[in-house]
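*Asks:* Take a look at data08.cif, mmCIF, C-alpha atoms:
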```cif
data_my_file
loop_
_atom_site.label_atom_id
_atom_site.label_comp_id
_atom_site.auth_asym_id
_atom_site.auth_seq_id
_atom_site.Cartn_x
_atom_site.Cartn_y
_atom_site.Cartn_z
CA MET A 5 -31.69 17.39 21.65
CA ALA A 6 -31.78 13.90 23.07
CA ARG A 7 -28.42 12.27 23.54
CA ILE A 8 -27.55 9.13 21.57
CA ASN A 9 -26.06 5.83 22.64
CA VAL A 10 -23.03 4.30 20.99
CA THR A 11 -20.60 1.49 21.73
CA VAL A 12 -16.87 2.13 21.58
CA LYS A 13 -14.44 -0.79 21.23
CA LEU A 14 -10.71 -0.39 21.63
CA PHE A 15 -8.04 -2.78 20.38
CA ALA A 16 -4.45 -3.66 21.27
CA TYR A 17 -2.56 -1.22 23.47
CA PHE A 18 -5.31 1.39 23.21
CA ARG A 19 -6.97 -0.74 25.89
CA GLU A 20 -4.24 -0.12 28.42
CA ASN A 21 -5.59 2.09 31.21
CA ARG A 22 -8.79 2.53 29.21
CA PHE A 23 -11.25 -0.24 28.37
CA LYS A 24 -12.06 -2.98 25.88
CA ILE A 25 -15.65 -1.96 25.32
CA SER A 26 -17.71 0.94 26.61
CA GLU A 27 -21.29 2.09 26.18
CA GLN A 28 -21.34 5.86 25.83
CA GLU A 29 -24.05 8.47 25.81
CA ILE A 30 -22.99 11.33 23.55
CA ALA A 31 -24.40 14.53 22.10
CA PRO A 32 -25.76 14.34 18.55
CA GLY A 33 -23.14 15.52 16.09
CA THR A 34 -20.26 14.05 18.07
CA THR A 35 -17.69 12.81 15.56
CA VAL A 36 -15.38 9.81 15.57
CA GLY A 37 -12.49 12.24 16.05
CA ASP A 38 -14.20 13.75 19.13
CA ILE A 39 -14.39 10.27 20.69
CA VAL A 40 -10.73 9.53 19.87
CA ASP A 41 -9.68 12.87 21.39
CA SER A 42 -11.83 12.33 24.48
CA LEU A 43 -9.96 9.08 25.10
CA ASP A 44 -6.64 10.89 24.88
CA ILE A 45 -5.58 8.72 21.93
CA ASP A 46 -3.13 10.36 19.56
CA ARG A 47 -4.80 10.53 16.13
CA GLU A 48 -1.43 9.74 14.55
CA GLU A 49 -1.47 6.33 16.24
CA VAL A 50 -4.90 5.41 14.93
CA GLY A 51 -4.80 3.01 12.01
CA VAL A 52 -8.23 1.62 11.41
CA LEU A 53 -11.52 3.25 12.34
CA MET A 54 -14.70 1.33 11.75
CA ILE A 55 -18.35 2.02 12.36
CA ASN A 56 -20.36 -1.19 12.19
CA SER A 57 -17.41 -2.94 10.48
CA ARG A 58 -17.16 -0.31 7.76
CA HIS A 59 -14.11 1.95 7.33
CA THR A 60 -14.81 5.46 8.58
CA THR A 61 -13.00 8.76 9.19
CA PHE A 62 -12.40 11.15 12.08
CA GLU A 63 -14.93 13.59 10.60
CA THR A 64 -17.88 11.17 10.58
CA PRO A 65 -20.64 11.95 13.11
CA LEU A 66 -21.86 9.00 15.11
CA GLU A 67 -25.45 7.82 14.98
CA GLU A 68 -27.66 6.00 17.46
CA ALA A 69 -26.53 2.41 18.15
CA ASN A 70 -23.29 2.73 16.15
CA VAL A 71 -20.43 0.46 17.14
CA LEU A 72 -17.15 2.32 16.76
CA ALA A 73 -13.95 0.22 16.69
CA ILE A 74 -10.57 1.91 17.02
CA PHE A 75 -7.36 0.06 16.09
CA PRO A 76 -3.77 1.23 16.14
CA VAL A 77 -1.80 1.29 12.89
CA VAL A 78 -0.18 -2.10 12.45
CA GLY A 79 2.13 -2.41 9.47
CA GLY A 80 5.13 -4.53 10.40
CA GLY A 81 6.18 -7.83 8.96
CA MET B 27 7.25 -44.53 -20.38
CA LYS B 28 9.30 -42.91 -17.65
CA SER B 29 6.33 -42.38 -15.35
CA ASN B 30 5.33 -46.06 -15.66
CA GLN B 31 8.84 -47.09 -14.68
CA THR B 32 8.77 -44.57 -11.82
CA LEU B 33 5.46 -45.89 -10.56
CA LYS B 34 6.72 -49.47 -10.76
CA LEU B 35 9.77 -48.55 -8.67
CA LEU B 36 7.61 -46.60 -6.23
CA ASN B 37 5.33 -49.58 -5.75
CA GLU B 38 8.31 -51.87 -5.19
CA LYS B 39 9.79 -49.60 -2.53
CA ALA B 40 6.58 -48.36 -0.87
CA THR B 41 5.73 -49.85 2.51
CA GLN B 42 2.53 -50.25 4.45
CA ARG B 43 2.68 -48.18 7.63
CA THR B 44 0.40 -47.63 10.57
CA ARG B 45 -0.79 -44.33 12.00
CA PRO B 46 -1.09 -43.84 15.78
CA ASP B 47 -4.83 -44.69 15.43
CA GLN B 48 -3.85 -48.05 13.80
CA SER B 49 -5.18 -47.04 10.38
CA ARG B 50 -2.93 -47.98 7.45
CA TYR B 51 -1.31 -45.96 4.67
CA THR B 52 1.25 -46.55 1.93
CA ALA B 53 4.45 -44.57 2.28
CA ILE B 54 7.69 -43.94 0.44
CA SER B 55 10.76 -42.84 2.38
CA LEU B 56 12.86 -39.88 1.32
CA GLU B 57 15.86 -42.14 0.77
CA ASP B 58 13.94 -44.46 -1.57
CA ALA B 59 12.31 -41.56 -3.43
CA ARG B 60 15.77 -40.06 -3.98
CA HIS B 61 17.08 -43.33 -5.37
CA ILE B 62 14.14 -43.58 -7.75
CA ALA B 63 14.66 -39.97 -8.88
CA ALA B 64 18.31 -40.75 -9.63
CA ALA B 65 17.51 -44.06 -11.37
CA THR B 66 14.83 -42.52 -13.58
CA GLU B 67 16.64 -39.21 -14.08
CA GLN B 68 13.72 -37.20 -12.78
CA SER B 69 13.33 -34.58 -10.10
CA LEU B 70 12.28 -35.58 -6.60
CA PHE B 71 9.27 -33.28 -7.14
CA ARG B 72 8.16 -35.37 -10.13
CA VAL B 73 8.75 -38.71 -8.39
CA GLU B 74 6.69 -37.65 -5.39
CA GLN B 75 3.98 -36.31 -7.71
CA ILE B 76 3.72 -39.69 -9.45
CA GLY B 77 3.57 -41.37 -6.05
CA LEU B 78 0.85 -39.09 -4.71
CA GLU B 79 -1.22 -39.64 -7.86
CA ASP B 80 -1.25 -43.31 -6.88
CA SER B 81 -1.85 -42.64 -3.14
CA ILE B 82 1.77 -43.34 -2.22
CA LEU B 83 2.55 -40.78 0.45
CA PRO B 84 6.01 -39.33 1.07
CA GLU B 85 6.56 -40.29 4.71
CA ARG B 86 7.32 -36.68 5.67
CA TYR B 87 3.62 -35.91 5.16
CA SER B 88 2.33 -38.78 7.28
CA ARG B 89 1.30 -36.48 10.13
CA ASN B 90 -0.61 -34.24 7.72
CA GLN B 91 -3.06 -37.13 7.53
CA LYS B 92 -5.92 -37.59 7.94
CA ALA B 93 -6.50 -33.86 8.34
CA LEU B 94 -5.33 -33.79 4.73
CA SER B 95 -6.06 -36.59 2.26
CA CYS B 96 -3.59 -37.91 -0.32
CA LYS B 97 -5.54 -36.07 -2.98
CA GLN B 98 -5.25 -32.81 -1.06
CA GLN B 99 -1.56 -33.44 -0.48
CA LEU B 100 -1.17 -33.79 -4.26
CA GLN B 101 -3.12 -30.56 -4.73
CA LEU B 102 -0.69 -28.74 -2.41
CA HIS B 103 2.24 -30.39 -4.17
CA MET B 104 1.09 -28.97 -7.51
CA SER B 105 0.34 -25.49 -6.07
CA LYS B 106 2.36 -22.39 -6.84
CA ILE B 107 2.64 -19.58 -4.33
CA ALA B 108 4.78 -16.47 -3.82
CA ILE B 109 5.95 -15.25 -0.42
CA ILE B 110 6.68 -11.54 -0.58
CA GLY B 111 8.92 -10.39 2.25
CA LEU B 112 11.06 -12.83 4.25
CA GLY B 113 11.23 -11.23 7.69
CA GLY B 114 9.24 -12.12 10.79
CA LEU B 115 6.11 -13.16 8.91
CA GLY B 116 7.72 -14.43 5.72
CA GLY B 117 10.35 -16.59 7.41
CA ALA B 118 7.76 -18.46 9.44
CA VAL B 119 5.40 -18.70 6.45
CA THR B 120 8.23 -20.20 4.37
CA GLU B 121 9.02 -22.72 7.08
CA ILE B 122 5.39 -23.80 7.52
CA LEU B 123 4.45 -24.03 3.83
CA ALA B 124 7.60 -26.00 2.97
CA ARG B 125 6.78 -28.43 5.75
CA ILE B 126 3.12 -28.91 4.86
CA GLY B 127 4.11 -29.59 1.26
CA VAL B 128 3.31 -26.65 -1.01
CA GLY B 129 5.26 -27.80 -4.06
CA ASN B 130 6.25 -24.58 -5.82
CA ILE B 131 7.42 -21.63 -3.75
CA THR B 132 8.71 -18.28 -4.97
CA LEU B 133 10.61 -16.22 -2.39
CA VAL B 134 11.11 -12.48 -2.72
CA ASP B 135 13.16 -10.13 -0.51
CA GLY B 136 16.01 -7.77 -1.36
CA ASP B 137 17.21 -7.45 2.23
CA CYS B 138 20.03 -9.17 4.12
CA PHE B 139 19.85 -10.46 7.70
CA ASP B 140 20.76 -7.99 10.40
CA GLU B 141 21.34 -8.47 14.11
CA SER B 142 18.06 -6.68 14.91
CA ASN B 143 16.20 -9.47 13.07
CA LEU B 144 17.30 -12.17 15.48
CA ASN B 145 14.48 -11.69 18.02
CA ARG B 146 11.73 -12.81 15.64
CA GLN B 147 12.86 -13.87 12.18
CA LEU B 148 13.09 -17.65 12.26
CA LEU B 149 15.42 -17.83 9.25
CA SER B 150 17.93 -15.44 10.78
CA SER B 151 20.81 -16.69 12.87
CA SER B 152 24.16 -15.35 13.98
CA GLU B 153 25.89 -17.25 11.18
CA PHE B 154 23.73 -15.66 8.46
CA LEU B 155 24.17 -11.98 9.36
CA GLY B 156 24.79 -10.01 6.17
CA ILE B 157 23.51 -12.85 3.97
CA ALA B 158 20.54 -12.32 1.62
CA LYS B 159 17.23 -13.38 3.19
CA ALA B 160 16.01 -14.87 -0.10
CA LYS B 161 19.13 -17.02 -0.37
CA VAL B 162 18.87 -18.29 3.20
CA ALA B 163 15.14 -18.94 2.77
CA ALA B 164 15.72 -20.99 -0.39
CA GLN B 165 18.36 -23.07 1.40
CA ARG B 166 16.00 -23.59 4.31
CA VAL B 167 13.20 -24.81 2.03
CA LYS B 168 15.50 -27.31 0.33
CA ALA B 169 16.80 -28.51 3.70
CA ILE B 170 13.28 -29.03 5.08
CA ASN B 171 11.69 -30.42 1.95
CA PRO B 172 13.96 -31.21 -1.01
CA ALA B 173 10.97 -32.05 -3.19
CA VAL B 174 9.82 -28.41 -3.26
CA ARG B 175 10.62 -26.44 -6.40
CA VAL B 176 11.89 -23.13 -5.05
CA THR B 177 12.65 -19.92 -6.88
CA SER B 178 14.27 -17.05 -5.00
CA HIS B 179 14.68 -13.41 -5.93
CA GLU B 180 17.14 -11.23 -4.04
CA THR B 181 15.28 -8.06 -4.92
CA PHE B 182 12.64 -5.83 -3.38
CA PHE B 183 9.09 -6.13 -4.68
CA THR B 184 8.03 -3.03 -6.64
CA ALA B 185 5.20 -2.01 -8.95
CA LYS B 186 7.67 -2.34 -11.83
CA ASN B 187 9.00 -5.85 -11.17
CA GLY B 188 5.92 -7.19 -9.34
CA GLY B 189 4.19 -8.87 -12.25
CA GLU B 190 7.34 -10.68 -13.26
CA LEU B 191 8.16 -11.79 -9.70
CA LEU B 192 4.67 -13.20 -9.14
CA GLY B 193 4.90 -15.03 -12.46
CA ASP B 194 2.39 -17.85 -12.59
CA SER B 195 1.81 -17.99 -8.82
CA GLN B 196 -1.75 -18.86 -7.84
CA LEU B 197 -1.65 -16.52 -4.88
CA ALA B 198 0.67 -14.14 -3.08
CA ILE B 199 1.33 -13.97 0.63
CA ASP B 200 1.91 -10.47 1.87
CA CYS B 201 4.69 -10.54 4.48
CA LEU B 202 5.87 -7.00 3.74
CA ASP B 203 6.66 -4.44 6.40
CA THR B 204 5.18 -1.19 5.16
CA ILE B 205 1.57 -0.36 4.40
CA ARG B 206 2.55 1.40 1.16
CA ASP B 207 4.23 -1.75 -0.17
CA ARG B 208 1.17 -3.83 0.76
CA PHE B 209 -0.96 -1.62 -1.52
CA ILE B 210 1.58 -2.14 -4.33
CA LEU B 211 1.40 -5.92 -3.94
CA GLU B 212 -2.39 -5.79 -3.80
CA GLU B 213 -2.47 -3.87 -7.08
CA CYS B 214 -0.15 -6.40 -8.77
CA CYS B 215 -2.36 -9.25 -7.56
CA ARG B 216 -5.43 -7.51 -8.99
CA GLU B 217 -3.73 -7.17 -12.36
CA LEU B 218 -2.87 -10.87 -12.35
CA SER B 219 -6.32 -11.83 -10.98
CA ILE B 220 -4.91 -13.77 -8.04
CA PRO B 221 -5.81 -13.54 -4.34
CA MET B 222 -3.54 -12.03 -1.71
CA VAL B 223 -3.25 -13.32 1.83
CA SER B 224 -2.14 -10.43 4.00
CA ALA B 225 -1.01 -9.94 7.58
CA ALA B 226 0.68 -7.20 9.58
CA ILE B 227 2.21 -7.16 13.04
CA GLY B 228 3.37 -4.67 15.66
CA GLY B 229 4.22 -5.16 19.32
CA THR B 230 2.08 -8.09 20.46
CA CYS B 231 -0.69 -7.25 17.97
CA GLY B 232 -1.54 -8.53 14.55
CA GLN B 233 -4.13 -8.33 11.83
CA ALA B 234 -4.88 -10.45 8.78
CA THR B 235 -7.16 -10.43 5.78
CA VAL B 236 -7.62 -12.12 2.39
CA VAL B 237 -8.17 -10.01 -0.70
CA PHE B 238 -9.62 -11.31 -3.96
CA PRO B 239 -9.15 -9.23 -7.12
CA THR B 240 -12.70 -7.87 -7.06
CA ASP B 241 -12.76 -7.07 -3.34
CA GLN B 242 -12.34 -3.66 -1.73
CA GLY B 243 -9.25 -5.06 -0.07
CA LEU B 244 -6.86 -2.95 1.94
CA GLN B 245 -8.89 0.18 1.30
CA ALA B 246 -11.63 -1.25 3.52
CA ILE B 247 -9.04 -1.35 6.31
CA TYR B 248 -6.73 1.60 5.81
CA GLY B 249 -8.90 3.91 3.70
CA LYS B 250 -7.54 5.35 0.49
CA LYS B 251 -3.98 4.36 -0.40
CA GLU B 252 -2.91 8.02 -0.56
CA ASP B 253 -4.10 8.70 2.99
CA ALA B 254 -2.80 5.51 4.59
CA PRO B 255 0.07 5.86 7.06
CA SER B 256 3.29 4.21 5.93
CA ARG B 257 4.29 2.64 9.25
CA GLY B 258 2.52 1.61 12.41
CA ILE B 259 3.04 0.83 16.06
CA GLU B 260 5.90 -1.53 15.20
CA ALA B 261 8.07 1.58 14.67
CA SER B 262 7.89 2.31 18.41
CA LEU B 263 6.82 -1.00 19.99
CA GLY B 264 8.97 -3.31 17.86
CA THR B 265 7.63 -6.76 17.06
CA LEU B 266 7.63 -9.69 19.40
CA PRO B 267 8.39 -13.17 18.05
CA PHE B 268 5.15 -14.80 19.15
CA ALA B 269 3.12 -12.13 17.35
CA ALA B 270 5.10 -12.82 14.16
CA VAL B 271 4.75 -16.58 14.33
CA TYR B 272 1.06 -16.35 15.31
CA MET B 273 0.10 -14.22 12.34
CA ALA B 274 2.33 -16.23 9.99
CA ALA B 275 0.40 -19.32 11.07
CA VAL B 276 -2.88 -17.51 10.32
CA GLU B 277 -1.63 -16.63 6.83
CA CYS B 278 -0.63 -20.26 6.22
CA ALA B 279 -4.00 -21.61 7.34
CA GLU B 280 -5.77 -19.26 4.92
CA THR B 281 -3.30 -20.09 2.13
CA VAL B 282 -3.85 -23.82 2.50
CA SER B 283 -7.64 -23.32 2.52
CA LEU B 284 -7.45 -21.34 -0.71
CA LEU B 285 -5.10 -23.84 -2.38
CA LEU B 286 -7.50 -26.63 -1.48
CA ASP B 287 -10.47 -24.68 -2.92
CA LYS B 288 -12.02 -24.19 0.48
CA LYS B 289 -13.73 -21.03 1.62
CA SER B 290 -11.47 -18.33 3.01
CA GLN B 291 -12.44 -17.35 6.54
CA LEU B 292 -10.92 -13.89 6.21
CA ARG B 293 -12.13 -12.70 2.82
CA ASN B 294 -13.84 -9.30 3.22
CA SER B 295 -12.97 -9.58 6.88
CA LEU B 296 -10.25 -8.42 9.21
CA LEU B 297 -8.88 -10.59 11.98
CA VAL B 298 -7.45 -8.50 14.80
CA THR B 299 -5.40 -10.19 17.49
CA ASP B 300 -3.43 -9.34 20.59
CA ILE B 301 -1.51 -12.33 21.84
CA LYS B 302 -0.71 -10.54 25.08
CA ASP B 303 -4.25 -11.13 26.37
CA HIS B 304 -5.21 -13.80 23.79
CA THR B 305 -7.94 -11.74 22.21
CA ALA B 306 -8.94 -12.29 18.61
CA GLU B 307 -11.86 -10.75 16.81
CA ILE B 308 -13.06 -10.87 13.21
CA PHE B 309 -14.70 -7.88 11.57
CA HIS B 310 -16.81 -8.66 8.54
CA PHE B 311 -16.91 -5.84 6.04
CA PRO B 312 -20.34 -5.11 4.61
CA PRO B 313 -20.43 -4.79 0.81
CA PRO B 314 -19.45 -1.27 -0.30
CA ALA B 315 -22.31 1.23 -0.62
CA GLY B 316 -23.99 0.93 -4.00
CA SER B 317 -22.64 -2.60 -4.54
CA SER B 318 -25.02 -5.26 -5.75
CA THR B 319 -23.03 -8.11 -4.21
#
```
Can you turn what I pasted into structure tokens?
*Replies:*
Amino acid sequence: MARINVTVKLFAYFRENRFKISEQEIAPGTTVGDIVDSLDIDREEVGVLMINSRHTTFETPLEEANVLAIFPVVGGG
Amino acid sequence: MKSNQTLKLLNEKATQRTRPDQSRYTAISLEDARHIAAATEQSLFRVEQIGLEDSILPERYSRNQKALSCKQQLQLHMSKIAIIGLGGLGGAVTEILARIGVGNITLVDGDCFDESNLNRQLLSSSEFLGIAKAKVAAQRVKAINPAVRVTSHETFFTAKNGGELLGDSQLAIDCLDTIRDRFILEECCRELSIPMVSAAIGGTCGQATVVFPTDQGLQAIYGKKEDAPSRGIEASLGTLPFAAVYMAAVECAETVSLLLDKKSQLRNSLLVTDIKDHTAEIFHFPPPAGSST
């Protein structure tokens, strides 16, 4: 099957030694969790996951042209 | 009529002053306003209200103008808000909103100042260690702006006492420090049909949003309340003072917009910032699936 293109955006300290934004070519069926794991980000540290500005989950498969944003959990005051 | 007498005294004592751009305004000094309050046996809040209704500006607000008009200053003066949590965010929010002239402020926090607060909590100081945050915050408000009517509660915000603590506040400002408590405050605000201005910080990062009673709110950010983590990166990275003050300022800007009936910039949106590299981005949430709005 043809591979699909997605954009991955990282926020806050997830960017350190990684990137701010990256265009990725992935296999169909690749999930949000697969991307997080491939970036060596601890799932426990992930707070907000969004595809096209909408809350999503680790289990969601990505689709062509999706923009995935990954934020750390921020809860302090 | 007391208010007629007050207005007469205000007009006698008011002076014409000049802004740096040479434009003119009518001002009353704090000292004169205090004398009038004593002479007419009214609160300073009431005296300044009567003045603002007649475009007599308390001098402390002179540098709010002309970004804010006299009418808007009066609107802030008559506003009622609740600040929930008086730590890094809440302390700075208290300081800013007292200075800009929000007239009725309710302060809620059951905690006392601890040495570990000193890096970022503007209301903490070595002399106040062990003292209730709500008490110190109330004193600070009165010291900055004695016209403000301040109510303080030395208690933690809970689902049980929330409705009572929020009282007749027009909006609540979420300065809490756990995600679970933020959901509790959001629920109380929904029940009272008031908006919530919310921010969270950790390390050098911050986020902020505004939730109206009919909005998806925090669920759009964290997912379902039951699945949301209770703490974030602040548990390991701490919180730096400039992140706290930055996001407190964002909350205040949104609060003032709402109190002045202007459009919120962060409703159904999430501002994400990292002051380390000065990045800020706003995510706009699409309406939930199946929604007609």
*Asks:* Name the residues that the PyMOL selection byres ((chain A) within 7 of (chain B)) pulls out of this structure, and write them as a count of residues only.
*Replies:* 12
*Asks:* Find, counting all atoms listed in the file, the residue in A:Glu63, A:Glu20, A:Glu68, A:Glu49 that gets nearest to Thr35 (chain A).
*Replies:*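 Using all atoms listed in the file, the shortest distance to Thr35 (chain A) belongs to A:Glu63.
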*Asks:* Select, from A:Val36, A:Ile74, A:Ala69, A:Leu14, the residue with the minimum atom-to-atom distance to Val50 (chain A), counting all atoms listed in the file.
*Replies:*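 Using all atoms listed in the file, the shortest distance to Val50 (chain A) belongs to A:Ile74.
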*Asks:* With the file shown as input, list the residues that the PyMOL selection byres ((chain A and resi 25-34) around 10) selects, as a PyMOL selection string.
*Replies:* chain A and resi 5-15+19+22-24+35-39+63-69+71-73
*Asks:* Filtering to C-alpha atoms, could you give me those residues as a CSV table (one decimal), in the frame of the given file?
*Replies:*
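So the final result, stored in again_17.csv, reads:
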```
chain,number,residue,atom,x,y,z
A,5,MET,CA,-31.7,17.4,21.6
A,6,ALA,CA,-31.8,13.9,23.1
A,7,ARG,CA,-28.4,12.3,23.5
A,8,ILE,CA,-27.6,9.1,21.6
A,9,ASN,CA,-26.1,5.8,22.6
A,10,VAL,CA,-23.0,4.3,21.0
A,11,THR,CA,-20.6,1.5,21.7
A,12,VAL,CA,-16.9,2.1,21.6
A,13,LYS,CA,-14.4,-0.8,21.2
A,14,LEU,CA,-10.7,-0.4,21.6
A,15,PHE,CA,-8.0,-2.8,20.4
A,19,ARG,CA,-7.0,-0.7,25.9
A,22,ARG,CA,-8.8,2.5,29.2
A,23,PHE,CA,-11.2,-0.2,28.4
A,24,LYS,CA,-12.1,-3.0,25.9
A,35,THR,CA,-17.7,12.8,15.6
A,36,VAL,CA,-15.4,9.8,15.6
A,37,GLY,CA,-12.5,12.2,16.0
A,38,ASP,CA,-14.2,13.8,19.1
A,39,ILE,CA,-14.4,10.3,20.7
A,63,GLU,CA,-14.9,13.6,10.6
A,64,THR,CA,-17.9,11.2,10.6
A,65,PRO,CA,-20.6,12.0,13.1
A,66,LEU,CA,-21.9,9.0,15.1
A,67,GLU,CA,-25.4,7.8,15.0
A,68,GLU,CA,-27.7,6.0,17.5
A,69,ALA,CA,-26.5,2.4,18.2
A,71,VAL,CA,-20.4,0.5,17.1
A,72,LEU,CA,-17.2,2.3,16.8
A,73,ALA,CA,-14.0,0.2,16.7
```
*Asks:* Given the file shown, enumerate the residues that the PyMOL selection byres ((chain B and resi 212-214) around 8) captures and present them as a list in words.
*Replies:*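 Checking the PyMOL selection byres ((chain B and resi 212-214) around 8) against this file, the residues are Ala185, Gly188, Gly189, Arg208, Phe209, Ile210, Leu211, Cys215, Arg216, Glu217, Leu218, Met222, Val237, Gly243 and Leu244 of chain B.
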*Asks:* Write to file, as an mmCIF file, keeping the file's coordinate frame, the residues of the selection just made, with C-alpha atoms.
*Replies:*
```
data_model
loop_
_atom_site.group_PDB
_atom_site.id
_atom_site.type_symbol
_atom_site.label_atom_id
_atom_site.label_comp_id
_atom_site.auth_asym_id
_atom_site.auth_seq_id
_atom_site.Cartn_x
_atom_site.Cartn_y
_atom_site.Cartn_z
ATOM 1 C CA ALA B 185 5.200 -2.010 -8.950
ATOM 2 C CA GLY B 188 5.920 -7.190 -9.340
ATOM 3 C CA GLY B 189 4.190 -8.870 -12.250
ATOM 4 C CA ARG B 208 1.170 -3.830 0.760
ATOM 5 C CA PHE B 209 -0.960 -1.620 -1.520
ATOM 6 C CA ILE B 210 1.580 -2.140 -4.330
ATOM 7 C CA LEU B 211 1.400 -5.920 -3.940
ATOM 8 C CA CYS B 215 -2.360 -9.250 -7.560
ATOM 9 C CA ARG B 216 -5.430 -7.510 -8.990
ATOM 10 C CA GLU B 217 -3.730 -7.170 -12.360
ATOM 11 C CA LEU B 218 -2.870 -10.870 -12.350
ATOM 12 C CA MET B 222 -3.540 -12.030 -1.710
ATOM 13 C CA VAL B 237 -8.170 -10.010 -0.700
ATOM 14 C CA GLY B 243 -9.250 -5.060 -0.070
ATOM 15 C CA LEU B 244 -6.860 -2.950 1.940
#
```
*Asks:* Need to verify the contact set: Val167 (chain B), 9 Å, all atoms listed in the file, exclusion of same-chain residues closer than 3 positions in sequence. Can you return it as a ChimeraX atom specification?
*Replies:* /B:120-121,123-125,131,162-164,170-172,174-176
*Asks:* To one decimal place, how far is CA of Cys96 (chain B) from CA of Gly129 (chain B) in Å?
*Replies:* 13.9 Å
*Asks:* Would you mind reading off the distance between CA of Gln42 (chain B) and CA of Gly77 (chain B), one decimal, in Å?
*Replies:*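 One can read the CA of Gln42 (chain B) to CA of Gly77 (chain B) distance as 13.8 Å.
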*Asks:* Step by step: start from the point (13.5, -3.6, -1.5) in the file's coordinates, keep every protein, DNA or RNA residue that has an atom no farther than 8 Å from it, count all atoms listed in the file, and write the set as a ChimeraX atom specification.
*Replies:* /B:135-137,181-184
*Asks:* Taking the point (-4.7, -19.3, -4.7) as given in the file, collect each protein or nucleic acid residue that comes within 12 Å of it, counting only C-alpha atoms, and present the set as a ChimeraX atom specification.
*Replies:* /B:101-102,104-108,128,194-199,215,218-223,236-239,278,280-290
